[in-house]
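A.B. asks: Input start-v9.cif, format and content: mmCIF, C-alpha atoms.
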data_coords
#
loop_
_atom_site.label_atom_id
_atom_site.label_comp_id
_atom_site.auth_asym_id
_atom_site.auth_seq_id
_atom_site.Cartn_x
_atom_site.Cartn_y
_atom_site.Cartn_z
CA THR A 1 124.17 102.11 145.32
CA LYS A 2 123.21 99.63 148.05
CA TYR A 3 123.84 102.29 150.68
CA LEU A 4 121.77 104.84 148.79
CA TRP A 5 118.89 102.39 148.38
CA HIS A 6 119.13 101.65 152.09
CA MET A 7 118.81 105.34 152.93
CA ILE A 8 115.91 105.80 150.51
CA ASN A 9 113.97 102.86 151.94
CA LYS A 10 114.76 103.60 155.60
CA TYR A 11 114.44 107.39 155.60
CA PRO A 12 111.97 108.28 152.78
CA GLY A 13 110.85 111.87 152.78
CA THR A 14 113.63 113.01 155.09
CA LYS A 15 116.60 115.18 154.23
CA GLU A 16 118.83 112.09 154.19
CA GLY A 17 116.43 110.07 152.08
CA ASP A 18 115.88 112.89 149.58
CA GLU A 19 119.63 113.40 149.26
CA ALA A 20 120.08 109.68 148.57
CA VAL A 21 117.53 109.90 145.75
CA ARG A 22 119.33 112.86 144.16
CA ASN A 23 122.66 111.01 144.38
CA LEU A 24 121.33 107.70 143.04
CA ILE A 25 119.77 108.86 139.75
CA PRO A 26 122.99 110.39 138.26
CA ILE A 27 124.81 107.07 138.78
CA TYR A 28 122.68 105.49 136.02
CA LYS A 29 123.07 108.41 133.63
CA GLY A 30 123.37 107.16 130.04
CA ASN A 31 121.25 104.09 130.70
CA ASP A 32 117.80 105.56 130.15
CA PRO A 33 115.79 102.34 130.67
CA LEU A 34 117.56 101.76 134.00
CA VAL A 35 116.96 105.34 135.11
CA ILE A 36 113.26 105.00 134.26
CA SER A 37 112.93 101.67 136.10
CA THR A 38 114.75 103.17 139.11
CA ILE A 39 112.39 106.11 139.17
CA ASP A 40 109.43 103.71 138.98
CA LYS A 41 110.74 101.86 142.05
CA ILE A 42 111.34 105.06 144.01
CA THR A 43 107.94 106.53 143.22
CA LYS A 44 106.27 103.46 144.70
CA ILE A 45 107.66 104.52 148.10
CA LYS A 46 105.75 106.99 150.20
CA PRO A 47 105.89 109.98 150.21
CA TYR A 48 107.52 110.12 146.76
CA ASN A 49 104.29 108.95 145.16
CA SER A 50 102.28 111.78 146.74
CA PRO A 51 101.01 114.45 144.28
CA GLY A 52 102.63 117.36 146.08
CA ASN A 53 105.97 115.76 146.91
CA LYS A 54 108.87 117.83 145.53
CA ILE A 55 111.20 114.88 144.90
CA GLY A 56 108.36 112.95 143.28
CA LYS A 57 107.73 115.85 140.88
CA GLU A 58 111.43 116.06 140.01
CA LEU A 59 111.56 112.32 139.30
CA ALA A 60 108.40 112.54 137.15
CA THR A 61 110.00 115.32 135.10
CA VAL A 62 113.19 113.31 134.57
CA LYS A 63 111.20 110.24 133.55
CA PHE A 64 109.00 112.23 131.17
CA ASP A 65 112.03 113.76 129.46
CA LEU A 66 113.67 110.35 129.04
CA GLU A 67 110.50 108.79 127.68
CA SER A 68 110.19 111.72 125.29
CA LYS A 69 113.57 110.72 123.90
CA ALA A 70 112.36 107.14 123.59
CA CYS A 71 109.33 108.36 121.62
CA GLY A 72 111.71 109.38 118.84
CA ASN A 73 114.24 106.57 119.27
CA LYS A 74 114.65 105.00 115.82
CA LYS A 75 116.41 101.96 117.30
CA MET A 76 113.26 100.98 119.18
CA PRO A 77 110.65 98.88 117.28
CA ALA A 78 107.92 101.01 115.71
CA CYS A 79 105.05 99.52 117.72
CA LYS A 80 106.99 100.03 120.95
CA ARG A 81 107.71 103.65 120.03
CA ALA A 82 104.02 104.16 119.29
CA GLN A 83 103.08 102.79 122.72
CA VAL A 84 105.63 105.01 124.45
CA CYS A 85 104.39 108.11 122.62
CA ARG A 86 100.77 107.25 123.36
CA SER A 87 101.55 106.76 127.03
CA LEU A 88 103.38 110.08 127.19
CA TYR A 89 100.43 111.93 125.71
CA LYS A 90 97.99 110.33 128.13
CA LYS A 91 100.23 111.21 131.08
CA ASN A 92 100.51 114.84 130.11
CA PRO A 93 98.09 115.87 127.33
CA ASN A 94 98.81 119.53 127.97
CA SER A 95 102.60 119.36 127.68
CA ASP A 96 104.47 121.37 125.07
CA ASN A 97 105.32 118.11 123.30
CA ALA A 98 101.78 116.69 123.32
CA CYS A 99 101.25 117.26 119.59
CA VAL A 100 104.61 115.68 118.79
CA PHE A 101 103.69 112.63 120.88
CA LEU A 102 100.42 112.25 118.98
CA ASN A 103 102.13 112.63 115.62
CA ASN A 104 104.86 110.12 116.50
CA ASP A 105 102.23 107.72 117.81
CA ALA A 106 100.41 107.90 114.48
CA VAL A 107 103.52 107.65 112.30
CA ASN A 108 104.90 104.67 114.22
CA SER A 109 101.50 102.96 114.33
CA ILE A 110 101.35 103.15 110.53
CA GLN A 111 104.84 101.68 110.27
CA CYS A 112 103.86 98.68 112.36
CA GLY A 113 100.54 98.18 110.60
CA LYS A 114 98.18 99.44 113.30
CA VAL A 115 96.16 101.80 111.13
CA ASP A 116 93.25 102.26 113.52
CA ASP A 117 95.65 103.39 116.26
CA ALA A 118 97.13 105.86 113.80
CA LEU A 119 93.69 107.25 112.92
CA SER A 120 92.88 107.63 116.60
CA ALA A 121 96.10 109.58 117.26
CA TYR A 122 95.67 111.73 114.16
CA GLY A 123 92.05 112.42 115.12
CA ILE A 124 93.07 113.84 118.49
CA LEU A 125 95.90 115.78 116.87
CA LEU A 126 93.53 117.42 114.38
CA LYS A 127 91.21 118.52 117.19
CA ARG A 128 93.84 119.79 119.62
CA CYS A 129 96.86 120.87 117.58
CA ASP A 130 95.48 122.91 114.71
CA LYS A 131 96.67 126.15 116.32
CA LYS A 132 99.49 124.80 118.51
CA GLN A 133 101.28 122.86 115.75
CA PRO A 134 99.64 123.79 112.41
CA GLU A 135 102.22 121.93 110.31
CA LEU A 136 101.59 118.69 112.18
CA ALA A 137 97.84 119.21 111.83
CA LYS A 138 98.23 119.78 108.10
CA ASP A 139 100.22 116.56 107.70
CA ALA A 140 97.70 114.69 109.81
CA LEU A 141 94.83 115.78 107.55
CA ILE A 142 96.44 114.55 104.34
CA GLU A 143 97.64 111.34 105.97
CA THR A 144 94.19 110.47 107.28
CA ALA A 145 92.80 111.07 103.79
CA LYS A 146 95.29 108.55 102.40
CA ILE A 147 94.54 106.03 105.14
CA TYR A 148 90.79 106.16 104.56
CA GLU A 149 91.38 105.71 100.83
CA LYS A 150 93.38 102.54 101.51
CA LYS A 151 90.57 101.37 103.79
CA LEU A 152 88.21 101.91 100.80
CA ASP A 153 86.21 104.48 102.75
CA PHE A 154 86.14 106.79 99.75
CA GLN A 155 83.49 109.15 101.09
CA THR A 156 85.47 109.98 104.24
CA SER A 157 88.72 110.04 102.30
CA SER A 158 87.36 112.46 99.70
CA SER A 159 86.04 114.74 102.45
CA ARG A 160 89.53 114.89 104.02
CA PHE A 161 91.17 115.55 100.65
CA LEU A 162 88.68 118.30 99.87
CA MET A 163 89.15 119.83 103.31
CA TYR A 164 92.90 119.88 102.76
CA ALA A 165 92.53 121.51 99.34
CA SER A 166 90.23 124.26 100.62
CA LYS A 167 92.13 124.89 103.87
CA TYR A 168 95.64 124.93 102.40
CA GLN A 169 94.98 126.43 98.98
CA LYS A 170 98.55 127.69 98.47
CA ASP A 171 100.12 124.36 99.40
CA GLY A 172 101.68 122.30 96.62
CA LYS A 173 99.43 119.34 97.42
CA ALA A 174 96.20 121.35 97.30
CA ILE A 175 95.31 120.81 93.63
CA GLY A 176 96.21 117.13 93.80
CA SER A 177 94.02 116.76 96.88
CA ALA A 178 91.09 118.41 95.12
CA ALA A 179 91.61 116.09 92.16
CA LYS A 180 91.62 113.05 94.41
CA ALA A 181 88.44 114.19 96.16
CA CYS A 182 86.68 114.58 92.81
CA GLU A 183 87.99 111.28 91.47
CA LEU A 184 86.94 109.29 94.54
CA ARG A 185 83.43 110.70 94.59
CA VAL A 186 83.03 110.03 90.89
CA ALA A 187 84.27 106.47 91.44
CA ILE A 188 81.49 105.75 93.92
CA GLU A 189 79.02 108.07 92.15
CA ALA A 190 78.47 109.91 95.42
CA SER A 191 75.53 112.28 95.52
CA ASN A 192 77.84 115.11 96.60
CA TRP A 193 80.33 114.69 93.74
CA GLU A 194 79.61 118.20 92.46
CA GLN A 195 81.00 119.81 95.61
CA ALA A 196 84.41 118.21 95.06
CA CYS A 197 84.55 118.34 91.27
CA ASP A 198 83.30 121.92 90.99
CA TYR A 199 86.00 122.96 93.43
CA PHE A 200 88.67 121.05 91.51
CA ALA A 201 87.46 122.52 88.22
CA ARG A 202 88.45 125.99 89.40
CA ALA A 203 92.07 124.89 89.24
CA ASP A 204 91.97 122.27 86.48
CA ALA A 205 88.74 122.22 84.51
CA GLY A 206 90.26 119.93 81.88
CA THR A 207 90.91 117.03 84.26
CA ALA A 208 87.74 117.62 86.27
CA LYS A 209 85.84 117.44 83.00
CA THR A 210 87.19 113.97 82.26
CA TYR A 211 85.90 112.69 85.62
CA VAL A 212 82.41 114.02 84.91
CA GLY A 213 82.68 112.55 81.42
CA ARG A 214 83.17 109.10 82.95
CA MET A 215 79.91 109.40 84.83
CA MET A 216 78.11 110.60 81.70
CA ARG A 217 79.23 107.58 79.71
CA ALA A 218 78.33 105.24 82.57
CA ALA A 219 74.83 106.73 82.73
CA TYR A 220 74.56 106.48 78.93
CA SER A 221 75.58 102.81 79.00
CA ALA A 222 73.12 102.13 81.82
CA LYS A 223 70.39 103.95 79.85
CA ASP A 224 69.72 106.17 82.85
CA THR A 225 68.47 109.12 80.83
CA SER A 226 67.39 111.38 83.69
CA LYS A 227 70.79 111.06 85.34
CA LEU A 228 72.54 111.54 82.01
CA VAL A 229 70.65 114.78 81.36
CA ARG A 230 71.64 116.17 84.77
CA LEU A 231 75.28 115.25 84.19
CA VAL A 232 75.35 116.76 80.71
CA GLN A 233 73.81 119.99 81.97
CA LYS A 234 76.58 120.21 84.56
CA TYR A 235 79.27 119.21 82.02
CA VAL A 236 78.32 121.96 79.56
CA SER A 237 78.11 124.62 82.28
CA PRO A 238 80.82 127.33 82.39
CA THR A 239 82.43 125.59 85.40
CA TYR A 240 83.97 122.87 83.23
CA ARG A 241 84.84 125.00 80.21
CA ALA A 242 83.93 122.34 77.67
CA THR A 243 84.65 123.10 74.02
CA PRO A 244 81.79 123.23 71.48
CA ALA A 245 82.89 119.81 70.17
CA GLU A 246 82.84 118.30 73.68
CA LYS A 247 79.42 119.77 74.34
CA ILE A 248 78.10 118.34 71.07
CA VAL A 249 79.33 114.87 71.99
CA ALA A 250 77.70 115.19 75.41
CA TRP A 251 74.35 116.33 74.03
CA ASN A 252 74.51 113.57 71.41
CA MET A 253 74.40 110.99 74.19
CA VAL A 254 71.15 112.56 75.40
CA TYR A 255 69.82 112.68 71.84
CA LYS A 256 70.50 108.99 71.28
CA SER A 257 69.25 107.75 74.63
CA SER A 258 66.03 109.74 74.93
CA SER A 259 62.88 110.59 73.04
CA GLY A 260 60.34 113.36 72.91
CA GLY A 261 61.21 116.67 74.55
CA ALA A 262 64.62 115.64 75.86
CA SER A 263 65.69 114.35 72.46
CA ASN A 264 64.43 117.45 70.66
CA GLN A 265 66.19 119.73 73.13
CA ALA A 266 69.43 117.80 72.66
CA ALA A 267 69.12 118.07 68.87
CA GLN A 268 68.58 121.83 69.13
CA GLN A 269 71.61 122.19 71.37
CA ILE A 270 73.77 120.19 68.96
CA MET A 271 72.84 122.30 65.98
CA ALA A 272 73.14 125.57 67.89
CA LEU A 273 76.63 124.62 69.05
CA PHE A 274 77.59 123.57 65.53
CA ARG A 275 76.50 126.93 64.13
CA GLN A 276 78.20 128.85 66.95
CA SER A 277 81.45 127.06 66.19
CA GLY A 278 81.20 128.01 62.53
CA GLY A 279 81.17 124.31 61.71
CA ASN A 280 84.68 124.08 63.10
CA VAL A 281 84.40 120.70 64.84
CA GLU A 282 85.98 117.36 64.04
CA GLY A 283 85.94 113.68 64.93
CA GLU A 284 83.13 112.35 67.09
CA ALA A 285 81.41 115.73 67.28
CA LEU A 286 81.30 116.15 63.50
CA ARG A 287 80.04 112.59 63.08
CA ALA A 288 77.26 113.35 65.56
CA VAL A 289 76.22 116.46 63.62
CA GLY A 290 76.28 114.60 60.31
CA GLU A 291 74.15 111.77 61.69
CA LEU A 292 71.65 114.16 63.25
CA VAL A 293 71.18 116.16 60.03
CA PHE A 294 70.90 112.96 57.98
CA LYS A 295 68.17 111.62 60.26
CA GLN A 296 66.34 114.94 60.14
CA VAL A 297 66.26 115.07 56.32
CA ASN A 298 66.04 111.38 55.50
CA GLY A 299 62.23 111.58 55.45
CA ALA A 300 62.63 113.35 52.11
CA MET A 301 63.21 109.98 50.43
CA ALA A 302 59.86 108.60 51.55
CA GLN A 303 58.12 111.78 50.34
CA TYR A 304 59.97 111.61 47.03
CA LYS A 305 58.88 108.01 46.43
CA LYS A 306 55.25 109.02 46.83
CA VAL A 307 55.49 111.35 43.83
CA LYS A 308 54.78 109.31 40.68
CA ILE A 309 54.79 110.11 36.98
CA ARG A 310 51.18 109.86 35.78
CA GLY A 311 49.85 108.85 32.42
CA GLY A 312 46.46 109.37 30.84
CA THR A 313 47.19 112.51 28.86
CA VAL A 314 50.30 114.24 27.65
CA ASP A 315 49.57 117.28 29.80
CA ALA A 316 49.09 115.11 32.86
CA MET A 317 52.38 113.33 32.22
CA VAL A 318 54.27 116.57 31.64
CA ALA A 319 52.84 118.06 34.83
CA SER A 320 53.71 114.96 36.87
CA ILE A 321 57.27 114.92 35.48
CA GLN A 322 57.66 118.56 36.54
CA THR A 323 56.33 117.68 39.99
CA LYS A 324 58.72 114.75 40.20
CA ALA A 325 61.63 117.00 39.16
CA GLN A 326 60.67 119.50 41.85
CA ALA A 327 60.54 116.70 44.41
CA LEU A 328 63.99 115.59 43.29
CA GLY A 329 65.28 119.12 43.71
CA GLN A 330 63.84 119.30 47.21
CA LEU A 331 65.41 115.94 48.05
CA GLN A 332 68.80 117.07 46.77
CA GLN A 333 68.49 120.29 48.74
CA ALA A 334 67.66 118.31 51.90
CA TYR A 335 70.57 115.90 51.56
CA GLY A 336 72.75 118.82 50.58
CA GLN A 337 72.48 119.95 54.21
CA VAL A 338 74.26 116.75 55.20
CA LEU A 339 77.03 117.51 52.73
CA GLN A 340 77.37 120.98 54.19
CA THR A 341 78.33 119.49 57.56
CA LYS A 342 81.45 118.08 55.82
CA ASP A 343 81.21 114.80 57.66
CA ALA A 344 82.58 112.15 55.33
CA TYR A 345 80.63 109.17 56.64
CA TRP A 346 77.15 110.68 56.52
CA GLY A 347 78.10 112.70 53.46
CA VAL A 348 78.59 109.42 51.56
CA ALA A 349 75.23 108.20 52.84
CA ALA A 350 73.58 111.40 51.58
CA LEU A 351 75.22 111.09 48.15
CA TYR A 352 73.97 107.51 47.94
CA GLN A 353 70.42 108.64 48.63
CA MET A 354 70.69 111.37 46.02
CA GLY A 355 72.01 108.89 43.46
CA TYR A 356 69.28 106.42 44.32
CA ALA A 357 66.64 109.15 43.82
CA ASN A 358 67.99 109.91 40.33
CA GLU A 359 67.98 106.20 39.54
CA LEU A 360 64.32 105.95 40.53
CA LEU A 361 63.46 108.89 38.24
CA ALA A 362 65.38 107.33 35.35
CA ASP A 363 63.50 104.04 35.80
CA GLU A 364 60.14 105.82 35.70
CA LEU A 365 61.09 107.82 32.60
CA GLU A 366 62.30 104.67 30.88
CA ASN A 367 59.05 102.89 31.65
CA PRO A 368 56.39 105.66 31.63
CA PRO A 369 52.71 104.98 32.21
CA GLU A 370 50.39 104.70 29.19
CA ILE A 371 49.04 107.83 27.48
CA LYS A 372 45.66 107.59 25.76
CA GLY A 373 45.79 107.90 21.99
CA VAL A 374 49.52 107.41 21.80
CA PRO A 375 50.56 104.04 20.28
CA LEU A 376 53.11 101.92 22.06
CA ARG A 377 56.55 101.97 20.50
CA MET A 378 57.42 98.88 18.52
#
For the file at hand, write its structure as structure tokens.
C.D. replies:
Amino acid sequence: TKYLWHMINKYPGTKEGDEAVRNLIPIYKGNDPLVISTIDKITKIKPYNSPGNKIGKELATVKFDLESKACGNKKMPACKRAQVCRSLYKKNPNSDNACVFLNNDAVNSIQCGKVDDALSAYGILLKRCDKKQPELAKDALIETAKIYEKKLDFQTSSSRFLMYASKYQKDGKAIGSAAKACELRVAIEASNWEQACDYFARADAGTAKTYVGRMMRAAYSAKDTSKLVRLVQKYVSPTYRATPAEKIVAWNMVYKSSSGGASNQAAQQIMALFRQSGGNVEGEALRAVGELVFKQVNGAMAQYKKVKIRGGTVDAMVASIQTKAQALGQLQQAYGQVLQTKDAYWGVAALYQMGYANELLADELENPPEIKGVPLRM
């Protein structure tokens, strides 16, 4: 080797010097780091470092191939591998392996905790390798979505997840990506949540509906009525395929948190949905219907109390008793509407009111007002 180095240094660029270079490199075969360092030394000598030099080009090719192996060398520390891969890409960004170098740079950067380096490599990969290496580009997109989620950049993360879901619709991760996009935007109450959740709802309306439901309840708790109304209108739209019972519960939040026109509209929606379902709702929805009907008819008690049995003459008393009986009938008919909902809780409340009304009538009949000309009973 000393002789070969002597020839290389003394006769660079000549036939003898070039031959010495070609004979020296194979001697170190199997020791890649030594071959690379040898090439580095040789290429510092003129004319081997000239752009058009044939031997210089051959040495550059050998070095590039060896470094390419190092880019995937599992025995090398992850950060070192990432640096090697990054260097290879920068040296030859148009090589056939450029996308692989970028991918390996990103993967190894993640392994050694350098997330920003990984995002940088993936970013270039997504721009340059979408057509050259579509599988690598696809992996890069989902990986960047995960990285941004861990960095708590939910808006960017959700955009990447949604992009993945729409671009690779037949992929097994597509629905999960759409779900994640919807969930993240709901979590931060992003203004563009509908874009993600509407898209996800096409595949899984049931789960998408639960995410929107979270926002509805948050708006209800915060007493943000205008926001709640907008959310409910979206929730009950065909996109989310809510059941009549679910729609009733949603509109009930509007009914309870608003007044005037919004409250009246919500009440109308609740009753319309109840009728459309044939009364076939249960649980929270049925309780909401029972409460609404009870509140709507409960004014009958106040009207009933205003009707009194009058004295003075027998005819006046008889007429007032008939009027009181009619008022009782109207009251029972009103509260009967609550019973028709078949909600147990508000049904009991209605029965109580009906019983109380009968008790009031009995008290008045037991202690009637005085009638002129009729002696008091002894």
A.B. asks: Name the residues in contact with Lys127 (chain A) at a cut-off of 12 Å, using only C-alpha atoms, excluding same-chain residues fewer than 4 positions from it; report them as a list in words.
C.D. replies: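 Returned residues: Cys99, Leu102, Ser120, Ala121, Tyr122, Gly123, Lys131, Lys132, Gln133, Pro134, Leu136, Ala137, Lys138, Ala140 and Leu141 of chain A.
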A.B. asks: In terms of the shortest atom-to-atom distance over all atoms listed in the file, which of A:Val254, A:Ala218, A:Ala267, A:Ala78 is closest to Val232 (chain A)?
C.D. replies: A:Val254
A.B. asks: For Ile42 (chain A), which residue among A:Ile55, A:Val338, A:Leu273, A:Val107 is the nearest when counting all atoms listed in the file?
C.D. replies: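 Of the candidates, the smallest distance to Ile42 (chain A) is held by A:Ile55.
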A.B. asks: Could you please determine the separation between CA of Ile124 (chain A) and CA of Ser87 (chain A) in Å, to one decimal place?
C.D. replies: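 We find that CA of Ile124 (chain A) and CA of Ser87 (chain A) lie 14.0 Å from each other.
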A.B. asks: Please determine, counting only C-alpha atoms, which residue among A:Lys57, A:Arg275, A:Lys295, A:Lys114 has the shortest atom-to-atom distance to Cys79 (chain A).
C.D. replies: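 Checking each of A:Lys57, A:Arg275, A:Lys295, A:Lys114 against Cys79 (chain A), counting only C-alpha atoms, the winner is A:Lys114.
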A.B. asks: Using all atoms listed in the file, which residue out of A:Leu119, A:Leu126, A:Met301, A:Leu152 lies closest to Gln332 (chain A)?
C.D. replies: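 Counting all atoms listed in the file, the residue closest to Gln332 (chain A) is A:Met301.
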A.B. asks: Just the residues within 8 Å of region 310-323 of chain A, please, counting all atoms listed in the file, with nothing from its chain fewer than 6 positions along; format it as a list in words.
C.D. replies: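 What passes the distance filter is Pro368, Pro369, Glu370, Ile371 and Lys372 of chain A.
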A.B. asks: Written as a PyMOL selection string, what is the full residue list that the PyMOL selection byres ((chain A and resi 196-210) around 12) yields on the file shown?
C.D. replies: chain A and resi 155+157-166+169-170+174-187+189-195+211-217+231-232+234-243+246-247+250
A.B. asks: Record the distance separating CA of Pro244 (chain A) and CA of Ser277 (chain A), expressed in Å with one decimal.
C.D. replies: 6.5 Å
A.B. asks: Run the PyMOL selection byres ((chain A and resi 21) around 10) on the file and write out the hits as an NGL selection string.
C.D. replies: :A and (4-5 or 7-8 or 12-13 or 16-20 or 22-26 or 38-39 or 42 or 55-56 or 59)
A.B. asks: Which residues come within 9 Å of Ala70 (chain A), counting only C-alpha atoms, excluding same-chain residues fewer than 2 positions away, as a PDB file with C-alpha atoms, keeping the file's coordinate frame?
C.D. replies:
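Saved file selection_23.pdb follows:
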ATOM      1  CA  ASP A  32     117.800 105.560 130.150  1.00  0.00           C
ATOM      2  CA  ASP A  65     112.030 113.760 129.460  1.00  0.00           C
ATOM      3  CA  LEU A  66     113.670 110.350 129.040  1.00  0.00           C
ATOM      4  CA  GLU A  67     110.500 108.790 127.680  1.00  0.00           C
ATOM      5  CA  SER A  68     110.190 111.720 125.290  1.00  0.00           C
ATOM      6  CA  GLY A  72     111.710 109.380 118.840  1.00  0.00           C
ATOM      7  CA  ASN A  73     114.240 106.570 119.270  1.00  0.00           C
ATOM      8  CA  LYS A  74     114.650 105.000 115.820  1.00  0.00           C
ATOM      9  CA  MET A  76     113.260 100.980 119.180  1.00  0.00           C
ATOM     10  CA  ARG A  81     107.710 103.650 120.030  1.00  0.00           C
ATOM     11  CA  VAL A  84     105.630 105.010 124.450  1.00  0.00           C
ATOM     12  CA  CYS A  85     104.390 108.110 122.620  1.00  0.00           C
TER      13      CYS A  85
END
A.B. asks: Using all atoms listed in the file, determine which residues lie at most 12 Å from Asn264 (chain A), disregarding the query and same-chain residues fewer than 5 positions distant; provide the list as a VMD selection string.
C.D. replies: chain A and resid 251 to 252 254 to 259 269 to 271 292 296
A.B. asks: Between A:Lys223, A:Arg230, A:Ile188, A:Glu284, which is the closest to Ala245 (chain A) once you count all atoms listed in the file?
C.D. replies: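 Using all atoms listed in the file, the shortest distance to Ala245 (chain A) belongs to A:Glu284.
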A.B. asks: Around (78.7, 111.1, 64.2), as given in the file, which residues come within 9 Å? Count all atoms listed in the file and list them as a list in words.
C.D. replies: Val249, Asn252, Gly283, Glu284, Ala285, Leu286, Arg287, Ala288, Val289, Gly290, Glu291, Leu292, Asp343, Tyr345 and Trp346 of chain A
A.B. asks: How many Å lie between CA of Ile248 (chain A) and CA of Gln268 (chain A), rounded to one decimal?
C.D. replies: 10.3 Å
A.B. asks: Go ahead and fit an axis-aligned box to every listed atom of region 337-342 of chain A plus 6 Å each side, and pass me the centre and edge lengths in Å, one decimal, as JSON.
C.D. replies:
{"center_x": 77.0, "center_y": 118.9, "center_z": 55.1, "size_x": 21.0, "size_y": 16.2, "size_z": 16.8}
A.B. asks: Which residue is closest to Ala262 (chain A)? Choose from A:Gln276, A:Ser226, A:Pro51, A:Val281 and count all atoms listed in the file.
C.D. replies: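 When distances to Ala262 (chain A) are compared using all atoms listed in the file, the smallest one comes from A:Ser226.
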